[in-house]
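Working notes, structure below.
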Amino acid sequence: MDGLSIVFQEITRLFTQPFMLFTMAWATFLGIVVGALPGLTATMTIALLSGLTYGVDPRVAIPILISVYCGAIYGGSQSAILVNIPGTPSAAATALDGYPLARKGEAGPAIGLATTASFIGGVLGVLAVAVATPLLAQVALEFGSWEYFLLAVFGIVISGNLTAEDLPIKGWISGFIGLLLSMVGLEGIHAFPRFSYGNVQLAAGISLIPALIGLFGIAEVLAVLKDIKPRKVESQLTRIVPKIGEVLSHWKATFKAALVGIGIGLIPGVGEDVAAWVSYDVCKRTSPEKEKYGTGCYEGLVAAETANNACIGGAIIPMLALGIPGSGAAAVLLGGIWLHGIRPGPMIFFEFPAFPYELIGQLIVANVMMVILGLTITRFTVRVLEIKKEIFMPLVVVLCIIGAYAVNMRIFDVYLMLGFGLLGYALRIGKFPAAPMTLGIILGPMADDNFRRALSIADGSLAPFFTRPISLGLVILIVLLMLSQNKKLMAKIFRRGVSA
Amino acid sequence: MDSKKTSKTDVKMGLAFAAFAALALEESLRMPVYDDVYTAPGLFPAFLSFCIIAMSLGLVFWGRRKSKLQAEGAVEVSHEEAAVMVVERKRLFLAIGLILLYCFVFLGHINYTLATFLFLVLSMSFFKATKIHWIVIISALASLGISYLFGKIFLIPLP
């Protein structure tokens, strides 16, 4: 059966089975609500649901994760527009024009346009998945141990560069610590128990899902509960469904934003928030009405919202074809997919030939659900936003603990999750990004096995890293990325020294 | 003020990460070598530890330099800011304490639904979420609902 038939078959299955339709509807709804709630992110929710859906059939569980992913990335725009607090980091750029529009009394049309922009971005992202994944997987078949090791390092370095708030070195440290933490447990070549200190639980390794729930969930709960500022919802909603002319009038910005979103998504570990900011910047620079950006401009809203949803598709391409996720949320989604025994990577089209196409079908249905629910439940979202965080966050803790425990049914995983929660909170305080650490934990075993295999094959020689064309290209990219950041660092120190 | 705080935090965290990596390096070097040194289990962790130590020390150096520069133009923290920081610190420790209490004392020692109910009541009360009778009602409904949903419908074993 060809890929297109599988996509249509999956769409038909999801739309015609009432159970699946209901499941995807509530999962998308849940995604929109958690996305809208400041303090709950897409990454955290996918991590939480990966644990909670562990025992569920993968043909049900994976559509749930996909629906939550799409819903949550979009949902952040609702609180960004209504209360000027982005529900997810990816909606931060949306607030720049969304909130001024709400203050002008245009919250309804702004949410409507943000919803359709997210839908168009999401669908264009899905098209990119359909076109680019088989091509990238084909190229990846040429990769050897050298390229896989370097790809992991490249992912960590670029993710560190783009996600660190102040210094890229913090992103790199975070990523390398993630790699080191993934070394705990039996290693892949000799089955030697590393860093286990005779502890059977540690010898089994660090479970990905409890670690991610801790890093994103518990850390988020602590940060939100610590904050004493209450949030207020004051916006009045009028017409929400936009007119077709309003949607089409921004086609240029939509197209540019989708391209930027997909492109950023392809870069390992970077993600939807960076996509939204870069797209906003690109659209602003190239717009004839750039002075209107930031004052309540619909084009700015479209630029941010199209890109963050297009980025979902972009992030899924390397996840499927290389096993290297393009964003933090895709990293957690990859963990959720692993839990169900499916191993994305270059062999995906041989080992699980139907899976990529089923995923494309699920993404399309999730986007349709997102646009329908997004245009109809906004009034409900406003009510949910009024729930006090002091009521909501303790409930999130309870769910985090169930999610961490459910994967292996070990209380040790709950303690592990708490440890990662505290580590995640400390990272936030120090402005160390968590995304590179997530990527490190995921890519660690791959990097380790391939690094040692590469050295063993070449009898300890590093020459193949520089003589193989793709490998050499990656080495040059990594060096350039690090040097460019070091230059900035040096310039920063030098400037401070001079100004002092 | 915030920037100064960050550079001090950079120094502390850089030292902590360097110490952590030094311990990992020591442990990596003690791992056995089987066929050849290139496939030794400790090779990659040692490489990573070395990189982390180098980067962390770089961060410490940068943080110290920045702290010194900022010390010259130091700005006093206002009373209001200090008061907010104290309250926020209290709330943070309270949240951590309650989560630890739930995980280490309640879970596994008393019935899951009761443990969850107690955790929710205590958390919402300490954070003054709403009136006490609402807190009890919300906590009871939530703990019963969560236990039923995950334990009976999703058949997920509860801790």
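Letters for chains follow the order of the structure tokens (A, B, ...), residue numbers begin at 1 for each chain, and ligand numbers begin at 1 in the order shown.
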
Compute the chain B side of the contact with chain A at 7 Å, counting only C-alpha atoms, and hand it back as a PDB file with N, CA and C atoms, in the first residue's frame.
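Result written to out27.pdb:
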```pdb
ATOM      1  N   THR B   6      22.407  36.941  38.731  1.00  0.00           N
ATOM      2  CA  THR B   6      22.663  35.871  37.765  1.00  0.00           C
ATOM      3  C   THR B   6      24.141  35.528  37.709  1.00  0.00           C
ATOM      4  N   THR B   9      25.048  33.521  40.627  1.00  0.00           N
ATOM      5  CA  THR B   9      24.488  32.180  40.444  1.00  0.00           C
ATOM      6  C   THR B   9      25.323  31.394  39.444  1.00  0.00           C
ATOM      7  N   ASP B  10      25.821  32.088  38.404  1.00  0.00           N
ATOM      8  CA  ASP B  10      26.671  31.421  37.408  1.00  0.00           C
ATOM      9  C   ASP B  10      27.897  30.812  38.076  1.00  0.00           C
ATOM     10  N   TYR B  38      39.301   1.885  23.007  1.00  0.00           N
ATOM     11  CA  TYR B  38      38.309   2.668  22.257  1.00  0.00           C
ATOM     12  C   TYR B  38      36.871   2.255  22.560  1.00  0.00           C
ATOM     13  N   THR B  39      36.681   1.045  23.034  1.00  0.00           N
ATOM     14  CA  THR B  39      35.310   0.628  23.377  1.00  0.00           C
ATOM     15  C   THR B  39      35.110   0.577  24.894  1.00  0.00           C
ATOM     16  N   PRO B  41      33.973   1.245  28.524  1.00  0.00           N
ATOM     17  CA  PRO B  41      32.736   1.907  28.981  1.00  0.00           C
ATOM     18  C   PRO B  41      32.951   3.320  29.528  1.00  0.00           C
ATOM     19  N   PHE B  44      33.571   7.472  26.866  1.00  0.00           N
ATOM     20  CA  PHE B  44      32.675   8.587  26.510  1.00  0.00           C
ATOM     21  C   PHE B  44      32.285   9.419  27.748  1.00  0.00           C
ATOM     22  N   PRO B  45      31.934   8.758  28.888  1.00  0.00           N
ATOM     23  CA  PRO B  45      31.643   9.583  30.076  1.00  0.00           C
ATOM     24  C   PRO B  45      32.843  10.438  30.491  1.00  0.00           C
ATOM     25  N   LEU B  48      32.924  13.382  28.178  1.00  0.00           N
ATOM     26  CA  LEU B  48      31.849  14.336  28.537  1.00  0.00           C
ATOM     27  C   LEU B  48      32.206  15.094  29.815  1.00  0.00           C
ATOM     28  N   ILE B  52      32.524  19.077  30.371  1.00  0.00           N
ATOM     29  CA  ILE B  52      31.683  19.820  31.339  1.00  0.00           C
ATOM     30  C   ILE B  52      32.564  20.613  32.305  1.00  0.00           C
ATOM     31  N   MET B  55      33.905  23.652  30.429  1.00  0.00           N
ATOM     32  CA  MET B  55      32.870  24.680  30.188  1.00  0.00           C
ATOM     33  C   MET B  55      32.429  25.334  31.499  1.00  0.00           C
ATOM     34  N   LEU B  69      32.976  43.438  38.053  1.00  0.00           N
ATOM     35  CA  LEU B  69      32.622  44.666  37.328  1.00  0.00           C
ATOM     36  C   LEU B  69      31.348  45.281  37.897  1.00  0.00           C
ATOM     37  N   GLU B  88       8.453  34.943  48.426  1.00  0.00           N
ATOM     38  CA  GLU B  88       8.590  33.955  47.336  1.00  0.00           C
ATOM     39  C   GLU B  88       9.439  32.770  47.783  1.00  0.00           C
ATOM     40  N   ARG B  89      10.467  33.060  48.555  1.00  0.00           N
ATOM     41  CA  ARG B  89      11.316  31.960  49.049  1.00  0.00           C
ATOM     42  C   ARG B  89      10.503  31.040  49.968  1.00  0.00           C
ATOM     43  N   ARG B  91       7.292  30.567  49.924  1.00  0.00           N
ATOM     44  CA  ARG B  91       6.340  29.794  49.099  1.00  0.00           C
ATOM     45  C   ARG B  91       7.048  28.641  48.392  1.00  0.00           C
ATOM     46  N   LEU B  92       8.279  28.898  47.944  1.00  0.00           N
ATOM     47  CA  LEU B  92       9.032  27.843  47.251  1.00  0.00           C
ATOM     48  C   LEU B  92       9.324  26.682  48.213  1.00  0.00           C
ATOM     49  N   ALA B  95       6.231  24.751  48.985  1.00  0.00           N
ATOM     50  CA  ALA B  95       5.831  23.858  47.872  1.00  0.00           C
ATOM     51  C   ALA B  95       6.713  22.609  47.858  1.00  0.00           C
ATOM     52  N   LEU B 120      -3.688  17.547  48.831  1.00  0.00           N
ATOM     53  CA  LEU B 120      -4.405  18.653  48.174  1.00  0.00           C
ATOM     54  C   LEU B 120      -4.947  19.645  49.210  1.00  0.00           C
ATOM     55  N   SER B 123      -1.960  21.575  50.651  1.00  0.00           N
ATOM     56  CA  SER B 123      -1.379  22.515  49.676  1.00  0.00           C
ATOM     57  C   SER B 123      -2.278  23.724  49.467  1.00  0.00           C
ATOM     58  N   MET B 124      -3.551  23.450  49.201  1.00  0.00           N
ATOM     59  CA  MET B 124      -4.469  24.565  48.921  1.00  0.00           C
ATOM     60  C   MET B 124      -4.649  25.453  50.153  1.00  0.00           C
ATOM     61  N   PHE B 127      -1.456  27.601  50.713  1.00  0.00           N
ATOM     62  CA  PHE B 127      -1.329  28.660  49.695  1.00  0.00           C
ATOM     63  C   PHE B 127      -2.586  29.544  49.638  1.00  0.00           C
ATOM     64  N   ALA B 129      -5.722  29.045  48.772  1.00  0.00           N
ATOM     65  CA  ALA B 129      -6.348  29.006  47.454  1.00  0.00           C
ATOM     66  C   ALA B 129      -7.778  29.546  47.486  1.00  0.00           C
ATOM     67  N   ILE B 156      -4.345   1.991  35.536  1.00  0.00           N
ATOM     68  CA  ILE B 156      -2.945   2.313  35.833  1.00  0.00           C
ATOM     69  C   ILE B 156      -2.717   2.078  37.320  1.00  0.00           C
ATOM     70  N   PRO B 157      -1.694   1.266  37.683  1.00  0.00           N
ATOM     71  CA  PRO B 157      -1.433   1.058  39.113  1.00  0.00           C
ATOM     72  C   PRO B 157      -1.053   2.383  39.781  1.00  0.00           C
ATOM     73  N   LEU B 158      -1.649   2.671  40.904  1.00  0.00           N
ATOM     74  CA  LEU B 158      -1.363   3.935  41.586  1.00  0.00           C
ATOM     75  C   LEU B 158      -0.310   3.708  42.665  1.00  0.00           C
ATOM     76  N   PRO B 159       0.550   4.702  42.890  1.00  0.00           N
ATOM     77  CA  PRO B 159       1.621   4.487  43.882  1.00  0.00           C
ATOM     78  C   PRO B 159       1.080   4.297  45.301  1.00  0.00           C
TER      79      PRO B 159
END
```

| query | If we count only C-alpha atoms, what is near Glu305 in chain A at a cut-off of 8 Å, once residues fewer than 2 positions away on the same chain are taken out, given as a PyMOL selection string? | reply | chain A and resi 74+77+91+94+114-115+117-118+121+276+301-303+307-309

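Near range 211-217 of chain A, within a cut-off of 8 Å and counting only C-alpha atoms, sit the residues A:Leu40, A:Thr43, A:Met44, A:Thr45, A:Ala47, A:Leu48, A:Val332, A:Val396, A:Val397, A:Cys400, A:Gly403, A:Ala404, A:Leu416, A:Met417, A:Leu418, A:Gly419, A:Phe420, A:Gly421, A:Leu422, A:Leu423, A:Gly424, A:Tyr425, A:Ala434, A:Thr438, with same-chain residues fewer than 6 positions away left out.
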
| So which residues touch Ile137 in chain B within 12 Å, counting only C-alpha atoms, skipping near sequence neighbours fewer than 5 positions away, as number ranges by chain? | A: 391; B: 117-118, 120-121, 124, 130-132, 142-145
